[in-house]
file final.cif (mmCIF, C-alpha atoms)
data_input
loop_
_atom_site.label_atom_id
_atom_site.label_comp_id
_atom_site.auth_asym_id
_atom_site.auth_seq_id
_atom_site.Cartn_x
_atom_site.Cartn_y
_atom_site.Cartn_z
CA MET A 1 0.00 0.00 0.00
CA VAL A 2 2.85 2.33 0.92
CA GLU A 3 4.41 1.50 -2.44
CA LYS A 4 1.14 2.37 -4.22
CA ASP A 5 0.86 5.68 -2.38
CA LYS A 6 4.41 6.51 -3.31
CA ILE A 7 3.84 5.73 -6.98
CA LEU A 8 0.65 7.81 -6.99
CA LYS A 9 2.47 10.70 -5.33
CA ASN A 10 5.29 10.59 -7.87
CA LEU A 11 2.93 10.41 -10.84
CA ARG A 12 0.81 13.24 -9.43
CA ASN A 13 3.94 15.37 -9.02
CA GLU A 14 5.00 14.66 -12.58
CA LEU A 15 1.54 15.53 -13.89
CA ARG A 16 1.49 18.75 -11.89
CA LYS A 17 4.97 19.96 -12.72
CA GLY A 18 4.32 20.99 -16.32
CA ASN A 19 0.91 22.39 -15.49
CA LEU A 20 2.41 24.64 -12.83
CA VAL A 21 4.88 26.15 -15.28
CA LEU A 22 2.05 26.87 -17.68
CA ALA A 23 -0.08 28.36 -14.89
CA VAL A 24 2.74 30.61 -13.74
CA LEU A 25 3.54 31.78 -17.27
CA SER A 26 -0.16 32.49 -17.87
CA GLN A 27 -0.23 34.98 -14.98
CA LEU A 28 2.92 36.82 -15.86
CA ASN A 29 1.56 38.93 -18.68
CA THR A 30 1.22 41.41 -15.85
CA LYS A 31 4.04 42.10 -13.41
CA HIS A 32 4.07 40.10 -10.20
CA TYR A 33 6.44 39.56 -7.30
CA GLY A 34 6.65 36.13 -5.68
CA TYR A 35 4.18 36.65 -2.86
CA SER A 36 1.57 38.43 -4.98
CA LEU A 37 1.74 35.63 -7.52
CA VAL A 38 1.15 32.98 -4.83
CA GLU A 39 -1.88 34.95 -3.66
CA THR A 40 -3.18 35.34 -7.22
CA LEU A 41 -2.77 31.63 -8.02
CA ASN A 42 -4.34 30.59 -4.72
CA SER A 43 -7.28 32.93 -5.26
CA LYS A 44 -7.82 31.17 -8.61
CA ASN A 45 -7.88 27.82 -6.80
CA LEU A 46 -4.45 26.72 -7.92
CA LYS A 47 -2.75 25.67 -4.72
CA ILE A 48 0.97 26.19 -4.95
CA ASP A 49 3.45 26.30 -2.07
CA GLN A 50 5.71 29.30 -1.74
CA ASN A 51 8.75 27.03 -1.60
CA THR A 52 7.78 25.61 -5.00
CA LEU A 53 6.94 28.89 -6.68
CA TYR A 54 9.94 31.05 -5.68
CA PRO A 55 12.62 28.71 -7.02
CA LEU A 56 10.49 28.13 -10.14
CA LEU A 57 10.34 31.87 -10.83
CA ARG A 58 14.11 32.17 -10.60
CA ARG A 59 14.59 29.18 -12.89
CA LEU A 60 12.27 30.61 -15.54
CA ASP A 61 14.07 33.94 -15.14
CA SER A 62 17.50 32.37 -15.63
CA GLN A 63 16.20 30.53 -18.72
CA GLY A 64 15.27 33.89 -20.19
CA LEU A 65 11.49 33.32 -20.20
CA LEU A 66 10.98 36.13 -17.68
CA THR A 67 12.48 39.53 -17.09
CA SER A 68 12.97 40.63 -13.52
CA THR A 69 13.40 44.02 -11.89
CA TRP A 70 13.93 45.07 -8.30
CA VAL A 71 11.54 47.82 -7.21
CA VAL A 72 12.76 49.55 -4.07
CA LYS A 73 9.67 50.89 -2.39
CA ASP A 74 8.27 50.87 1.15
CA PRO A 75 7.82 48.72 3.12
CA ARG A 76 10.52 46.64 1.42
CA PRO A 77 12.20 45.98 -1.95
CA ARG A 78 10.40 43.55 -4.22
CA LYS A 79 11.60 41.62 -7.22
CA TYR A 80 9.00 41.78 -9.99
CA TYR A 81 8.76 39.25 -12.79
CA GLU A 82 7.12 39.53 -16.19
CA LEU A 83 7.10 37.45 -19.41
CA SER A 84 10.00 38.34 -21.67
CA TYR A 85 9.64 38.37 -25.44
CA ALA A 86 10.96 34.79 -25.63
CA GLY A 87 8.71 33.88 -22.70
CA LYS A 88 5.64 35.15 -24.54
CA GLU A 89 6.50 33.09 -27.61
CA ILE A 90 7.16 29.93 -25.63
CA TYR A 91 4.04 30.44 -23.54
CA ALA A 92 1.91 30.73 -26.70
CA GLN A 93 3.38 27.48 -28.06
CA LEU A 94 2.97 25.65 -24.76
CA LYS A 95 -0.58 26.85 -24.45
CA GLU A 96 -1.42 25.57 -27.90
CA GLU A 97 0.21 22.23 -27.12
CA PHE A 98 -1.67 21.97 -23.84
CA GLU A 99 -5.01 22.69 -25.49
CA GLU A 100 -4.36 20.05 -28.12
CA ASN A 101 -3.33 17.48 -25.51
CA TYR A 102 -6.29 18.38 -23.35
CA HIS A 103 -8.66 17.84 -26.25
CA VAL A 104 -7.12 14.49 -27.23
CA LEU A 105 -6.91 13.24 -23.64
CA ASN A 106 -10.43 14.36 -22.85
CA GLN A 107 -11.66 12.39 -25.83
CA MET A 108 -9.76 9.30 -24.70
CA LEU A 109 -10.96 9.50 -21.14
CA LYS A 110 -14.55 9.89 -22.31
CA GLU A 111 -14.24 6.78 -24.53
CA GLU A 112 -12.96 4.93 -21.49
CA ASN A 113 -16.18 5.66 -19.65
CA MET B 1 13.33 38.16 13.64
CA LYS B 2 16.63 36.60 14.70
CA LEU B 3 15.11 33.26 13.76
CA LEU B 4 14.57 34.47 10.19
CA GLU B 5 18.23 35.53 9.97
CA ARG B 6 19.33 32.15 11.31
CA TYR B 7 17.14 30.45 8.71
CA LEU B 8 18.45 32.54 5.82
CA LEU B 9 22.05 31.91 6.87
CA GLN B 10 21.45 28.17 6.58
CA VAL B 11 19.69 28.48 3.22
CA GLU B 12 22.54 30.66 1.92
CA ARG B 13 25.10 27.98 2.82
CA TYR B 14 23.71 25.62 0.19
CA LEU B 15 22.75 28.10 -2.53
CA PRO B 16 24.82 28.24 -5.72
CA LEU B 17 27.50 30.97 -5.50
CA LYS B 18 26.06 32.72 -8.54
CA ASP B 19 23.29 35.13 -7.49
CA ARG B 20 23.52 33.90 -3.89
CA LYS B 21 23.07 37.36 -2.35
CA ASP B 22 20.24 38.25 -4.72
CA THR B 23 18.38 34.99 -4.06
CA THR B 24 18.74 35.40 -0.29
CA LEU B 25 17.58 39.02 -0.40
CA GLU B 26 14.53 38.09 -2.48
CA LEU B 27 13.70 35.16 -0.24
CA LYS B 28 14.05 37.30 2.88
CA ASN B 29 11.63 39.92 1.55
CA LEU B 30 9.14 37.32 0.38
CA LEU B 31 9.14 35.59 3.76
CA LEU B 32 8.73 38.98 5.43
CA GLU B 33 5.65 39.65 3.26
CA ASP B 34 4.07 36.49 4.59
CA ILE B 35 5.16 37.20 8.18
CA ASP B 36 3.79 40.75 7.99
CA SER B 37 0.46 39.64 6.60
CA ARG B 38 0.10 37.19 9.50
CA ILE B 39 1.02 39.88 12.03
CA THR B 40 -1.58 42.20 10.48
CA GLU B 41 -4.13 39.43 11.02
CA GLY B 42 -3.28 39.54 14.72
CA GLN B 43 -0.77 36.71 15.08
CA PRO B 44 2.13 37.39 17.52
CA GLU B 45 5.41 38.09 15.68
CA ASP B 46 7.36 35.13 17.05
CA ASP B 47 4.58 32.69 16.16
CA ALA B 48 4.27 34.18 12.68
CA VAL B 49 8.01 33.81 11.99
CA TYR B 50 8.05 30.27 13.35
CA GLU B 51 5.07 29.13 11.31
CA VAL B 52 6.21 30.74 8.06
CA LEU B 53 9.65 29.13 8.34
CA LYS B 54 8.25 25.76 9.32
CA ALA B 55 5.89 25.81 6.36
CA PHE B 56 8.66 26.89 3.99
CA GLY B 57 10.68 23.88 5.02
CA GLU B 58 14.15 22.67 5.83
CA PRO B 59 16.83 25.18 4.67
CA LYS B 60 18.95 22.68 2.78
CA LYS B 61 15.98 21.33 0.87
CA VAL B 62 14.86 24.87 0.04
CA ALA B 63 18.33 25.83 -1.19
CA LEU B 64 18.60 22.70 -3.32
CA SER B 65 15.29 23.49 -5.01
CA TYR B 66 16.97 26.67 -6.28
CA ARG B 67 19.67 24.65 -7.99
CA SER B 68 19.02 23.44 -11.49
CA ASP B 69 22.42 21.80 -12.03
CA ASP B 70 22.55 18.04 -12.21
CA PRO B 71 25.19 16.86 -9.75
CA ILE B 72 27.44 13.88 -10.51
CA ILE B 73 26.62 12.56 -7.02
CA SER B 74 22.93 12.97 -6.26
CA ARG B 75 21.67 14.86 -3.21
CA GLU B 76 20.42 11.60 -1.68
CA MET B 77 23.88 10.05 -1.87
CA GLU B 78 25.70 13.18 -0.66
CA PRO B 79 25.59 12.41 3.09
CA ILE B 80 27.06 8.93 2.55
CA LEU B 81 29.74 10.37 0.28
CA TYR B 82 30.72 12.89 2.96
CA LEU B 83 30.84 10.20 5.60
CA VAL B 84 33.11 7.99 3.48
CA LEU B 85 35.28 10.99 2.58
CA LYS B 86 35.74 11.79 6.26
CA ILE B 87 36.83 8.20 6.95
CA VAL B 88 39.19 8.20 3.94
CA LEU B 89 40.68 11.56 4.92
CA ILE B 90 41.51 10.26 8.38
CA ALA B 91 42.39 6.63 7.61
CA VAL B 92 44.58 7.01 4.50
CA PRO B 93 47.11 9.59 5.80
CA PHE B 94 47.13 7.87 9.19
CA SER B 95 47.99 4.48 7.68
CA ILE B 96 50.90 6.05 5.77
CA LEU B 97 52.11 7.69 8.96
CA LEU B 98 51.82 4.38 10.77
CA SER B 99 53.73 2.47 8.08
CA THR B 100 56.47 5.16 8.12
CA ILE B 101 56.79 4.86 11.90
CA ILE B 102 56.93 1.06 11.74
CA GLY B 103 59.45 1.24 8.88
CA PHE B 104 61.60 3.67 10.85
CA LEU B 105 61.54 1.57 14.00
CA ASN B 106 62.50 -1.53 12.01
CA ASN B 107 65.38 -0.04 10.04
CA GLY B 108 67.94 -1.69 12.33
CA LEU B 109 69.67 1.60 13.20
CA PRO B 110 69.89 2.98 16.75
CA PHE B 111 66.89 5.22 17.51
CA ASP B 112 67.53 8.92 17.01
CA PHE B 113 64.69 11.25 17.97
CA ILE B 114 65.63 14.11 15.60
CA ASP B 115 65.93 11.66 12.69
CA PHE B 116 62.58 10.22 13.67
CA LEU B 117 60.98 13.68 13.73
CA VAL B 118 62.49 14.64 10.38
CA THR B 119 61.28 11.35 8.82
CA ILE B 120 57.75 12.03 10.11
CA LEU B 121 57.80 15.62 8.82
CA LYS B 122 59.03 14.43 5.43
CA THR B 123 56.08 12.02 5.24
CA ILE B 124 53.61 14.91 5.33
CA PRO B 125 53.60 15.55 1.54
CA ALA B 126 53.11 11.81 0.91
CA MET B 127 50.23 11.75 3.42
CA PHE B 128 48.73 14.74 1.69
CA SER B 129 48.97 13.28 -1.80
CA ALA B 130 47.61 9.92 -0.58
CA ALA B 131 44.64 11.73 0.97
CA LEU B 132 44.01 13.50 -2.34
CA THR B 133 44.21 10.21 -4.26
CA GLY B 134 41.85 8.68 -1.70
CA VAL B 135 39.34 11.48 -2.14
CA GLY B 136 39.55 11.20 -5.93
CA SER B 137 39.10 7.42 -5.90
CA THR B 138 36.15 7.64 -3.49
CA PHE B 139 34.51 10.14 -5.78
CA ILE B 140 35.00 7.88 -8.82
CA VAL B 141 33.56 4.88 -6.93
CA PHE B 142 30.54 6.95 -5.94
CA ALA B 143 30.07 8.14 -9.50
CA ILE B 144 30.03 4.48 -10.63
CA ILE B 145 27.55 3.55 -7.87
CA GLU B 146 25.41 6.50 -8.90
CA ARG B 147 25.30 5.27 -12.47
CA PHE B 148 24.90 1.54 -12.03
CA LEU B 149 23.83 0.62 -8.51
CA LYS B 150 21.85 3.59 -7.27
CA PRO B 151 18.27 2.22 -7.08
CA GLN B 152 19.15 -0.34 -4.36
CA PHE B 153 20.93 2.32 -2.32
CA LEU B 154 18.03 4.71 -2.62
CA GLU B 155 15.54 2.15 -1.39
CA GLU B 156 17.62 1.69 1.74
CA LEU B 157 17.84 5.43 2.21
CA GLU B 158 14.14 5.99 1.84
CA LYS B 159 13.46 3.57 4.68
CA GLN B 160 15.22 5.94 7.06
CA GLU B 161 12.88 8.34 8.77
CA ILE B 162 13.66 12.00 8.25
CA PRO B 163 13.02 14.07 11.40
CA GLU B 164 10.53 16.91 11.01
CA PHE B 165 12.07 20.35 10.49
CA ASP B 166 11.86 22.67 13.50
CA PRO B 167 13.08 26.26 12.97
CA LEU B 168 13.95 26.55 16.68
CA HIS B 169 16.73 24.02 16.14
CA LEU B 170 18.47 26.19 13.55
CA PRO B 171 22.13 26.98 14.37
CA LYS B 172 22.80 30.37 15.99
CA ILE B 173 24.27 33.24 13.94
CA PRO B 174 28.03 33.47 14.59
CA ASP B 175 29.50 36.72 15.96
CA SER B 176 31.10 38.83 13.25
CA VAL B 177 34.60 37.88 14.46
CA PHE B 178 33.63 34.23 14.05
CA LYS B 179 32.33 34.64 10.52
CA VAL B 180 34.21 32.75 7.82
CA SER B 181 34.67 34.33 4.43
CA LEU B 182 34.14 31.61 1.83
CA VAL B 183 36.39 33.31 -0.71
CA GLU B 184 39.20 33.88 1.81
CA SER B 185 39.04 30.27 2.97
CA ILE B 186 39.11 28.90 -0.56
CA ILE B 187 42.03 31.18 -1.54
CA ALA B 188 43.92 30.14 1.63
CA LEU B 189 43.28 26.46 0.88
CA ALA B 190 44.31 26.71 -2.75
CA GLY B 191 47.38 28.78 -1.81
CA GLY B 192 48.37 26.23 0.84
CA ILE B 193 48.13 23.33 -1.61
CA ILE B 194 50.06 25.21 -4.32
CA PHE B 195 52.86 26.21 -1.91
CA LEU B 196 53.03 22.69 -0.49
CA TYR B 197 53.48 21.35 -4.00
CA ILE B 198 56.03 23.95 -5.12
CA PHE B 199 58.19 23.83 -1.98
CA ASN B 200 58.31 20.03 -1.90
CA TYR B 201 58.22 18.95 -5.51
CA GLN B 202 59.23 21.96 -7.59
CA PRO B 203 61.54 24.13 -5.46
CA GLY B 204 63.49 24.83 -8.68
CA ILE B 205 60.63 27.11 -9.83
CA ILE B 206 61.79 29.68 -7.29
CA ALA B 207 64.72 30.83 -9.38
CA ILE B 208 66.35 33.62 -11.29
CA TYR B 209 65.22 33.53 -14.89
CA PHE B 210 67.75 35.34 -17.01
CA ASP B 211 68.73 35.03 -20.64
CA GLY B 212 67.10 31.61 -21.00
CA ASP B 213 68.89 30.36 -17.87
CA THR B 214 67.07 29.18 -14.76
CA VAL B 215 69.17 29.34 -11.62
CA PRO B 216 67.58 28.06 -8.41
CA LEU B 217 67.42 30.73 -5.77
CA LEU B 218 67.05 28.57 -2.68
CA ASN B 219 70.00 26.71 -1.17
CA ASP B 220 70.22 23.66 1.11
CA SER B 221 69.47 25.69 4.26
CA PHE B 222 65.92 26.03 2.95
CA GLY B 223 65.58 22.24 3.06
CA ARG B 224 66.20 22.34 6.80
CA ILE B 225 63.34 24.77 7.37
CA LEU B 226 61.05 22.95 4.90
CA PRO B 227 59.64 20.40 7.41
CA MET B 228 58.48 23.31 9.60
CA ILE B 229 56.95 25.06 6.59
CA ASN B 230 55.14 21.82 5.69
CA VAL B 231 53.74 21.48 9.19
CA SER B 232 52.54 25.06 9.15
CA ILE B 233 50.89 24.77 5.72
CA VAL B 234 49.19 21.44 6.55
CA PHE B 235 48.08 22.89 9.88
CA GLY B 236 46.69 25.94 8.05
CA ILE B 237 44.88 23.73 5.51
CA PHE B 238 43.41 21.70 8.37
CA ILE B 239 42.06 24.85 10.05
CA GLU B 240 40.59 26.18 6.78
CA VAL B 241 38.89 22.84 6.09
CA ILE B 242 37.25 22.99 9.53
CA HIS B 243 36.19 26.58 8.82
CA LEU B 244 34.71 25.58 5.47
CA ILE B 245 32.78 22.68 6.97
CA LYS B 246 31.51 24.59 10.01
CA ARG B 247 31.18 27.90 8.14
CA SER B 248 32.08 29.59 11.40
CA LYS B 249 35.20 30.04 13.50
CA THR B 250 35.23 28.81 17.07
CA ILE B 251 37.37 29.68 20.04
CA ILE B 252 39.26 26.41 19.39
CA THR B 253 39.98 27.10 15.71
CA SER B 254 40.93 30.71 16.59
CA THR B 255 43.43 29.38 19.14
CA LEU B 256 44.79 26.92 16.57
CA GLU B 257 45.08 29.83 14.12
CA LEU B 258 47.07 31.82 16.68
CA MET B 259 49.38 28.85 17.28
CA ASN B 260 49.95 28.55 13.54
CA LYS B 261 50.63 32.30 13.33
CA VAL B 262 53.33 31.91 16.00
CA LEU B 263 54.83 29.02 14.03
CA ILE B 264 54.74 31.10 10.83
CA THR B 265 56.45 33.96 12.69
CA ILE B 266 59.25 31.58 13.71
CA ILE B 267 59.52 30.40 10.08
CA TYR B 268 59.78 34.02 8.88
CA LEU B 269 62.53 34.69 11.44
CA LEU B 270 64.39 31.51 10.44
CA LEU B 271 64.12 32.42 6.76
CA ALA B 272 65.48 35.88 7.59
CA THR B 273 68.43 34.58 9.61
CA TYR B 274 69.24 31.22 7.98
CA ASP B 275 70.70 32.55 4.76
CA VAL B 276 68.40 30.46 2.56
CA LEU B 277 69.12 32.37 -0.67
CA ASN B 278 71.95 31.31 -2.91
CA GLN B 279 74.31 34.25 -2.25
CA VAL B 280 76.89 33.22 -4.85
CA ILE B 281 74.26 33.28 -7.57
CA LEU B 282 72.82 36.57 -6.32
CA ALA B 283 76.33 38.08 -6.41
CA GLY B 284 76.89 36.62 -9.86
CA TYR B 285 73.87 38.51 -11.19
CA HIS B 286 74.65 41.61 -9.08
CA LEU B 287 71.39 41.09 -7.24
CA GLU B 288 72.71 41.36 -3.68
CA VAL B 289 69.99 43.93 -3.08
CA LEU B 290 67.42 41.15 -3.59
CA GLY B 291 68.92 39.34 -0.58
CA VAL B 292 68.58 42.45 1.56
CA ILE B 293 65.00 43.03 0.40
CA PHE B 294 64.21 39.37 1.15
CA ILE B 295 65.54 39.66 4.72
CA ILE B 296 63.68 42.93 5.36
CA GLY B 297 60.54 41.34 3.89
CA MET B 298 60.85 38.36 6.20
CA TYR B 299 61.22 40.60 9.26
CA ILE B 300 58.20 42.67 8.20
CA GLY B 301 56.31 39.42 7.59
CA ALA B 302 57.25 38.13 11.03
CA THR B 303 56.18 41.35 12.77
CA THR B 304 52.85 41.81 10.97
CA ASN B 305 52.04 38.13 11.25
CA PHE B 306 52.76 38.03 14.98
CA PHE B 307 50.96 41.22 15.96
CA GLY B 308 48.17 40.62 13.44
CA GLY B 309 47.61 37.20 14.98
CA ILE B 310 47.52 38.59 18.51
CA TYR B 311 45.17 41.42 17.47
CA THR B 312 42.71 39.00 15.81
CA TYR B 313 42.82 36.65 18.78
CA ALA B 314 42.29 39.53 21.23
CA LYS B 315 39.15 40.51 19.27
CA VAL B 316 37.87 36.95 19.57
CA LEU B 317 38.57 36.88 23.32
CA ILE B 318 36.89 40.25 23.88
CA SER B 319 33.80 39.08 22.00
CA GLN B 320 33.79 35.87 24.06
CA SER B 321 34.16 37.71 27.39
CA GLY B 322 31.49 40.21 26.23
CA LYS B 323 29.16 37.31 25.71
CA LYS B 324 29.96 35.86 29.12
CA GLU B 325 29.20 39.20 30.77
CA ILE B 326 25.81 39.34 29.08
CA ILE B 327 25.06 35.83 30.30
CA LYS B 328 26.19 36.78 33.83
CA ASP B 329 23.90 39.85 33.73
CA LEU B 330 20.98 37.67 32.68
CA ILE B 331 21.65 35.20 35.50
CA ASN B 332 21.89 38.06 38.03
CA LYS B 333 18.63 39.53 36.79
CA GLN B 334 16.88 36.20 37.11
CA LYS B 335 18.10 35.94 40.70
#
call {"tool": "encode", "arguments": {"input": "final.cif", "output": "structure tokens"}}
result
Amino acid sequence: MVEKDKILKNLRNELRKGNLVLAVLSQLNTKHYGYSLVETLNSKNLKIDQNTLYPLLRRLDSQGLLTSTWVVKDPRPRKYYELSYAGKEIYAQLKEEFEENYHVLNQMLKEEN
Amino acid sequence: MKLLERYLLQVERYLPLKDRKDTTLELKNLLLEDIDSRITEGQPEDDAVYEVLKAFGEPKKVALSYRSDDPIISREMEPILYLVLKIVLIAVPFSILLSTIIGFLNNGLPFDFIDFLVTILKTIPAMFSAALTGVGSTFIVFAIIERFLKPQFLEELEKQEIPEFDPLHLPKIPDSVFKVSLVESIIALAGGIIFLYIFNYQPGIIAIYFDGDTVPLLNDSFGRILPMINVSIVFGIFIEVIHLIKRSKTIITSTLELMNKVLITIIYLLLATYDVLNQVILAGYHLEVLGVIFIIGMYIGATTNFFGGIYTYAKVLISQSGKKEIIKDLINKQK
């Protein structure tokens, strides 16, 4: 049983990983800093932990999909992220891919029933 | 908020060097956002900090999630690798030392303590290179395990229970005098290894290069001081390795540092008075002035090293006694 739970957990994580990237990219047409993005995603019912999101943002930034700027304003400095030009292009392609996959998968799962 | 600083210090330890400061600053501000929002909702500050940190998770795990590099030895295997490395680093040099001692005692000659000491000191470079070979071989073995045998190892590892992270158990922030500069430590380590190699294996590099000729500058007197230099360098490397592992100085390592500084001062004085430069060659190239500059340099080195060492140690002691006084005050107040 423990083995089964572990397998389910791993598969769930794998399934979620790509979706999270897409979700994050989808929200970054407008500028966000880490905490505001967590709040936004949570308010849209996408539960994401802060310790997952913050490293993800930096990774996407270092891959050139985002641009980041420090804004020094009270009460404290914040690092804002936004889709870069390359990020916008990649997001559009990923979105298209996701929609296609969703359609195909949906069809398959319906046949199953 | 001290707890937050303690937390960030631990995260920083494992972050990649590139963008380390920036990542830590961003993380600090993001955690503060969360803490502040909880305080605004009426939660006491200490509770808010504790809960935010606990939810964010164990510092090492957090730091590793910021790394995208694929290590040759996986994070799961790292603790075992370190354990084996520690054993190798102690056992390999020690076995060479032991075999040298046994060899010396069985050489059939009457026992001479000075000879014995010199033989031991001369073994130091061999111990050092054996330790390096040991470390390299261990790493290769682990890389092979990682590639071909890993799944079995991981299953064993996963059976071990990982204790739950509690922010209150985070290490304390070291006093500024106890802080270790990563860059300084690495430079000191690299310098120590390079000097150890040059002095023992390539002393000919220290030479006068003129008109295509290379004339060694050091004479046989240098060889007599070399064992002391080796001891001092190995001692220095040992202290820096402890500093790098602990990421903080302690009263013990500071005392060891002072002892090494005294030894270095003696070496400087010996170098200044022992006539280690090849005077005939210096005269041949009309470079007698170089000999004078060398001696003056050695005396300056000895003075700055000695007083610098005492000054640094005094700062450490003052900070220690300052701490004790604070503790005494607290005890008195409680009474």
call {"tool": "resolve_selection", "arguments": {"input": "final.cif", "expression": "the PyMOL selection byres ((chain B) within 12 of (chain A))", "output": "PyMOL selection string"}}
result
chain B and resi 15+18-20+22-37+52-69+155+158-159
call {"tool": "resolve_selection", "arguments": {"input": "final.cif", "expression": "the PyMOL selection byres ((chain B and resi 306-318) around 10)", "output": "short mmCIF file (atom, residue, chain, number, x, y, z; two decimals) with C-alpha atoms, keeping the file's coordinate frame"}}
result
data_model
loop_
_atom_site.label_atom_id
_atom_site.label_comp_id
_atom_site.auth_asym_id
_atom_site.auth_seq_id
_atom_site.Cartn_x
_atom_site.Cartn_y
_atom_site.Cartn_z
CA ASP B 175 29.50 36.72 15.96
CA SER B 176 31.10 38.83 13.25
CA VAL B 177 34.60 37.88 14.46
CA PHE B 178 33.63 34.23 14.05
CA LYS B 249 35.20 30.04 13.50
CA THR B 250 35.23 28.81 17.07
CA ILE B 251 37.37 29.68 20.04
CA SER B 254 40.93 30.71 16.59
CA THR B 255 43.43 29.38 19.14
CA GLU B 257 45.08 29.83 14.12
CA LEU B 258 47.07 31.82 16.68
CA MET B 259 49.38 28.85 17.28
CA ASN B 260 49.95 28.55 13.54
CA LYS B 261 50.63 32.30 13.33
CA VAL B 262 53.33 31.91 16.00
CA LEU B 263 54.83 29.02 14.03
CA ILE B 264 54.74 31.10 10.83
CA THR B 265 56.45 33.96 12.69
CA ILE B 266 59.25 31.58 13.71
CA ILE B 300 58.20 42.67 8.20
CA GLY B 301 56.31 39.42 7.59
CA ALA B 302 57.25 38.13 11.03
CA THR B 303 56.18 41.35 12.77
CA THR B 304 52.85 41.81 10.97
CA ASN B 305 52.04 38.13 11.25
CA SER B 319 33.80 39.08 22.00
CA GLN B 320 33.79 35.87 24.06
CA SER B 321 34.16 37.71 27.39
CA GLY B 322 31.49 40.21 26.23
CA LYS B 323 29.16 37.31 25.71
CA LYS B 324 29.96 35.86 29.12
#
call {"tool": "resolve_selection", "arguments": {"input": "final.cif", "expression": "the PyMOL selection byres ((chain A and resi 87) around 12)", "output": "ChimeraX atom specification"}}
result
/A:21-22,24-29,60-67,81-86,88-95
call {"tool": "atom_distance", "arguments": {"input": "final.cif", "atom1": "atom CA of B:Leu4", "atom2": "atom CA of B:Val49"}}
result
6.8 Å
call {"tool": "atom_distance", "arguments": {"input": "final.cif", "atom1": "atom CA of B:Lys86", "atom2": "atom CA of B:Ala190"}}
result
19.4 Å
call {"tool": "residues_around", "arguments": {"input": "final.cif", "residues": "B:Arg6", "least_positions_apart": "5", "cutoff": "12 Å", "atoms": "only C-alpha atoms", "output": "ChimeraX atom specification"}}
result
/B:1,11-13,28,49-50,53,59,167-174
call {"tool": "closest_atom_pairs", "arguments": {"input": "final.cif", "of": "stretch 51-123 of chain B", "to": "stretch 220-243 of chain B", "cutoff": "10 Å", "atoms": "all atoms listed in the file", "output": "tab-separated table"}}
result
residue	atom	partner	partner_atom	distance
B:Leu117	CA	B:Pro227	CA	9.3
B:Val118	CA	B:Pro227	CA	7.1
B:Thr119	CA	B:Pro227	CA	9.3
B:Ile120	CA	B:Pro227	CA	9.0
B:Leu121	CA	B:Pro227	CA	5.3
B:Lys122	CA	B:Pro227	CA	6.3
B:Thr123	CA	B:Pro227	CA	9.4
call {"tool": "closest_residue", "arguments": {"input": "final.cif", "among": "B:Leu98, B:Ile90, B:Leu83, B:Val183", "to": "B:Phe142", "atoms": "all atoms listed in the file"}}
result
B:Leu83
call {"tool": "atom_distance", "arguments": {"input": "final.cif", "atom1": "atom CA of B:Tyr82", "atom2": "atom CA of B:Glu5"}}
result
26.8 Å
call {"tool": "residues_around", "arguments": {"input": "final.cif", "residues": "B:Arg147", "least_positions_apart": "6", "cutoff": "12 Å", "atoms": "all atoms listed in the file", "output": "list in words"}}
result
Pro71, Ile72, Ile73, Ser74, Met77, Ile140, Val141 and Phe153 of chain B
call {"tool": "build_atoms", "arguments": {"input": "final.cif", "residues": "stretch 42-51 of chain B", "atoms": "N, CA and C atoms", "output": "PDB file, in the coordinates of the input"}}
result
ATOM      1  N   GLY B  42      -3.193  39.636  13.265  1.00  0.00           N
ATOM      2  CA  GLY B  42      -3.280  39.540  14.720  1.00  0.00           C
ATOM      3  C   GLY B  42      -2.410  38.463  15.349  1.00  0.00           C
ATOM      4  N   GLN B  43      -1.616  37.761  14.522  1.00  0.00           N
ATOM      5  CA  GLN B  43      -0.770  36.710  15.080  1.00  0.00           C
ATOM      6  C   GLN B  43       0.471  37.353  15.737  1.00  0.00           C
ATOM      7  N   PRO B  44       0.906  36.850  16.912  1.00  0.00           N
ATOM      8  CA  PRO B  44       2.130  37.390  17.520  1.00  0.00           C
ATOM      9  C   PRO B  44       3.340  37.167  16.593  1.00  0.00           C
ATOM     10  N   GLU B  45       4.293  38.130  16.632  1.00  0.00           N
ATOM     11  CA  GLU B  45       5.410  38.090  15.680  1.00  0.00           C
ATOM     12  C   GLU B  45       6.192  36.771  15.716  1.00  0.00           C
ATOM     13  N   ASP B  46       6.546  36.351  16.936  1.00  0.00           N
ATOM     14  CA  ASP B  46       7.360  35.130  17.050  1.00  0.00           C
ATOM     15  C   ASP B  46       6.659  33.920  16.446  1.00  0.00           C
ATOM     16  N   ASP B  47       5.357  33.819  16.715  1.00  0.00           N
ATOM     17  CA  ASP B  47       4.580  32.690  16.160  1.00  0.00           C
ATOM     18  C   ASP B  47       4.562  32.764  14.641  1.00  0.00           C
ATOM     19  N   ALA B  48       4.373  33.997  14.131  1.00  0.00           N
ATOM     20  CA  ALA B  48       4.270  34.180  12.680  1.00  0.00           C
ATOM     21  C   ALA B  48       5.573  33.733  12.011  1.00  0.00           C
ATOM     22  N   VAL B  49       6.711  34.180  12.570  1.00  0.00           N
ATOM     23  CA  VAL B  49       8.010  33.810  11.990  1.00  0.00           C
ATOM     24  C   VAL B  49       8.172  32.294  12.020  1.00  0.00           C
ATOM     25  N   TYR B  50       7.879  31.717  13.178  1.00  0.00           N
ATOM     26  CA  TYR B  50       8.050  30.270  13.350  1.00  0.00           C
ATOM     27  C   TYR B  50       7.216  29.496  12.333  1.00  0.00           C
ATOM     28  N   GLU B  51       5.958  29.887  12.196  1.00  0.00           N
ATOM     29  CA  GLU B  51       5.070  29.130  11.310  1.00  0.00           C
ATOM     30  C   GLU B  51       5.447  29.275   9.839  1.00  0.00           C
TER      31      GLU B  51
END
